[in-house]
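Shown next, in structure tokens, is the structure this report addresses.
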Amino acid sequence: MTASLLGAAAPGFDRPLAVLEACHGRITKQCNTLEKLLAHLPEHGADAQAQQAARAVLAYFDTAAVHHHDDEERNLFPLLEQAGAPGACELVETLTLEHDAQALVWRRLRTELQAIAAGTVAALDADLTRRFVDMNRTHLEFENTHVLPLARQALGAADLERLGRAMAARRGVSYEGRL
């Protein structure tokens, strides 16, 4: 692990499961930002702070979160199935469906966030926002308590290297590169 410019240690792609877990932490932070934005808007409207928060959430879920789902669906999940991990097929099916549901809700929420980022709208659909946040938190908790431990148990060094190399390539960085 190396220190990033912000001072936090970031795992390298040579530790792909740690990278996935770190991504989960960043998704949680973006969900926290959404909740803060939801509370901020009624009193302050789409002020500069709200616009900045909306842009940050958009940037994260439009790029990093997409890569994260691809890491899981295109690389991690097939490796778990190939390794014959117990319950992998059912896990993969459930989690892929959850990713699809998250993407549908995100598309609706994204439109509202774009308007806030532009300063043209000063409200978020509270139910939609809470649904998106709750979906993500439940999904991440499940992955952290079931999927990542299963991957640590079932995948060997060669599998982990393949996963890490695919994740790095997806982001256009070297395998040894850090997030």
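Each chain in the structure tokens gets a letter, A, B, ..., in the order shown, and its residues are numbered from 1; ligands are numbered from 1 in order too.
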
Show me a table, sorted first by chain and then by increasing residue number, of the residues of stretch 6-121 of chain A having an atom at most 9 Å from stretch 137-150 of chain A, each with its shortest atom pair and the distance in Å to one decimal, counting only C-alpha atoms and written as a Markdown table.
```
| residue | atom | partner | partner_atom | distance |
| --- | --- | --- | --- | --- |
| A:Leu17 | CA | A:Leu148 | CA | 6.8 |
| A:Ala18 | CA | A:Leu148 | CA | 9.0 |
| A:Leu20 | CA | A:Leu148 | CA | 8.4 |
| A:Glu21 | CA | A:Asn144 | CA | 7.1 |
| A:His24 | CA | A:Leu140 | CA | 6.2 |
| A:Gly25 | CA | A:Leu140 | CA | 8.8 |
| A:Ile27 | CA | A:Leu140 | CA | 8.5 |
| A:Thr28 | CA | A:Arg137 | CA | 6.9 |
| A:Cys31 | CA | A:Arg137 | CA | 8.1 |
| A:Leu80 | CA | A:Leu150 | CA | 8.2 |
| A:Ala85 | CA | A:Leu150 | CA | 7.2 |
| A:Pro86 | CA | A:Leu150 | CA | 8.2 |
| A:Ala88 | CA | A:Val147 | CA | 8.7 |
| A:Leu91 | CA | A:Val147 | CA | 7.9 |
| A:Leu95 | CA | A:His139 | CA | 7.8 |
| A:Glu98 | CA | A:His139 | CA | 7.4 |
| A:His99 | CA | A:His139 | CA | 8.7 |
```

Tell me, counting only C-alpha atoms, for each residue of stretch 72-175 of chain A within 10 Å of stretch 43-60 of chain A, which pair of atoms is nearest and how far apart they are in Å to one decimal, in rows ordered by chain and increasing number, as JSON lines.
```
{"residue": "A:Trp106", "atom": "CA", "partner": "A:Leu58", "partner_atom": "CA", "distance": 9.6}
{"residue": "A:Leu109", "atom": "CA", "partner": "A:Leu58", "partner_atom": "CA", "distance": 9.5}
{"residue": "A:Arg110", "atom": "CA", "partner": "A:Leu58", "partner_atom": "CA", "distance": 6.8}
{"residue": "A:Thr111", "atom": "CA", "partner": "A:Leu58", "partner_atom": "CA", "distance": 9.6}
{"residue": "A:Glu112", "atom": "CA", "partner": "A:Ala54", "partner_atom": "CA", "distance": 9.1}
{"residue": "A:Leu113", "atom": "CA", "partner": "A:Ala54", "partner_atom": "CA", "distance": 5.4}
{"residue": "A:Gln114", "atom": "CA", "partner": "A:Ala54", "partner_atom": "CA", "distance": 7.1}
{"residue": "A:Ala115", "atom": "CA", "partner": "A:Gln51", "partner_atom": "CA", "distance": 8.8}
{"residue": "A:Ile116", "atom": "CA", "partner": "A:Ala46", "partner_atom": "CA", "distance": 5.6}
{"residue": "A:Ala117", "atom": "CA", "partner": "A:Gln51", "partner_atom": "CA", "distance": 4.1}
{"residue": "A:Ala118", "atom": "CA", "partner": "A:Gln51", "partner_atom": "CA", "distance": 6.7}
{"residue": "A:Gly119", "atom": "CA", "partner": "A:Ala46", "partner_atom": "CA", "distance": 5.2}
{"residue": "A:Thr120", "atom": "CA", "partner": "A:Ala46", "partner_atom": "CA", "distance": 7.4}
{"residue": "A:Val121", "atom": "CA", "partner": "A:Ala46", "partner_atom": "CA", "distance": 6.5}
{"residue": "A:Ala122", "atom": "CA", "partner": "A:Ala46", "partner_atom": "CA", "distance": 4.6}
{"residue": "A:Ala123", "atom": "CA", "partner": "A:Gly45", "partner_atom": "CA", "distance": 7.2}
```

Legend entry - Neighbour list for A:Arg15 as JSON, numbers by chain, cut-off 12 Å, only C-alpha atoms, skip fewer than 6 positions in-chain: {"A": [1, 21, 22, 152, 157, 158, 159, 160, 161, 162, 163, 164, 165, 167, 168, 175, 176, 177, 178, 179]}

Output N, CA and C atoms for every residue in that selection, as a compact mmCIF listing (two decimals), in the first residue's frame.
```txt
# COMPACT_ATOMS: atom_id res chain seq x y z
N MET A 1 0.84 -1.17 0.00
CA MET A 1 0.00 0.00 0.00
C MET A 1 0.88 1.24 0.00
N GLU A 21 -12.78 -3.86 -1.94
CA GLU A 21 -13.26 -3.44 -0.63
C GLU A 21 -13.09 -1.93 -0.45
N ALA A 22 -11.99 -1.37 -0.92
CA ALA A 22 -11.79 0.08 -0.86
C ALA A 22 -12.84 0.81 -1.70
N ARG A 152 -11.72 -14.71 -0.98
CA ARG A 152 -10.44 -14.92 -0.29
C ARG A 152 -10.18 -16.40 -0.03
N ALA A 157 -3.64 -17.66 -6.00
CA ALA A 157 -2.78 -16.55 -6.38
C ALA A 157 -2.90 -16.21 -7.87
N ALA A 158 -2.97 -17.23 -8.72
CA ALA A 158 -3.08 -16.98 -10.16
C ALA A 158 -4.41 -16.30 -10.50
N ASP A 159 -5.48 -16.73 -9.84
CA ASP A 159 -6.79 -16.10 -10.05
C ASP A 159 -6.76 -14.64 -9.64
N LEU A 160 -6.18 -14.38 -8.48
CA LEU A 160 -6.11 -13.01 -7.97
C LEU A 160 -5.26 -12.12 -8.88
N GLU A 161 -4.19 -12.68 -9.43
CA GLU A 161 -3.37 -11.90 -10.36
C GLU A 161 -4.17 -11.58 -11.62
N ARG A 162 -4.90 -12.56 -12.16
CA ARG A 162 -5.75 -12.32 -13.34
C ARG A 162 -6.77 -11.23 -13.06
N LEU A 163 -7.38 -11.30 -11.89
CA LEU A 163 -8.38 -10.30 -11.50
C LEU A 163 -7.74 -8.92 -11.40
N GLY A 164 -6.62 -8.83 -10.73
CA GLY A 164 -5.94 -7.55 -10.57
C GLY A 164 -5.48 -6.96 -11.89
N ARG A 165 -4.95 -7.80 -12.77
CA ARG A 165 -4.51 -7.30 -14.08
C ARG A 165 -5.69 -6.80 -14.91
N MET A 167 -8.52 -5.61 -13.75
CA MET A 167 -9.00 -4.38 -13.12
C MET A 167 -8.10 -3.20 -13.51
N ALA A 168 -6.80 -3.41 -13.47
CA ALA A 168 -5.86 -2.34 -13.84
C ALA A 168 -6.03 -1.96 -15.31
N TYR A 175 -0.43 -2.73 -13.72
CA TYR A 175 -0.85 -3.70 -12.72
C TYR A 175 -0.33 -3.31 -11.33
N GLU A 176 0.85 -2.77 -11.28
CA GLU A 176 1.44 -2.38 -10.00
C GLU A 176 0.87 -1.04 -9.52
N GLY A 177 0.10 -0.38 -10.40
CA GLY A 177 -0.41 0.95 -10.08
C GLY A 177 -1.37 0.95 -8.90
N ARG A 178 -1.45 2.06 -8.28
CA ARG A 178 -2.33 2.24 -7.12
C ARG A 178 -3.54 3.08 -7.54
N LEU A 179 -4.60 2.93 -6.78
CA LEU A 179 -5.79 3.75 -7.02
C LEU A 179 -5.54 5.17 -6.58
```

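Restricting the calculation to only C-alpha atoms, the smallest distance between A:Ala154 and any of A:Leu76, A:Leu104, A:Ala83, A:Ala10 is found for A:Ala83.
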
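Going from atom CA of A:Pro42 to atom CA of A:Leu124 covers 9.3 Å.
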
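The protein and nucleic acid residues lying at most 9 Å from A:Arg131 are Val105, Ala126 and Asn136 of chain A, with only C-alpha atoms considered and sequence neighbours fewer than 5 positions away removed.
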
Inset, instruction - Point out the residue among A:Asp100, A:Leu128, A:Thr33, A:Val19 with the least atom-to-atom distance to A:Val66, counting only C-alpha atoms. - result: A:Asp100

Inset, instruction - Name the residues of chain A that come out as strand (DSSP E) in a backbone DSSP run; write them as a PyMOL selection string. - result: chain A and resi 2-3+9-10

Emit the selected residues as a JSON list (two decimals), in the first residue's frame, including C-alpha atoms.
```
[["chain", "number", "residue", "atom", "x", "y", "z"],
["A", 2, "THR", "CA", 1.15, 3.51, -0.71],
["A", 3, "ALA", "CA", -0.10, 6.85, 0.49],
["A", 9, "ALA", "CA", -3.44, 4.41, 1.91],
["A", 10, "ALA", "CA", -4.71, 2.91, -1.33]]
```
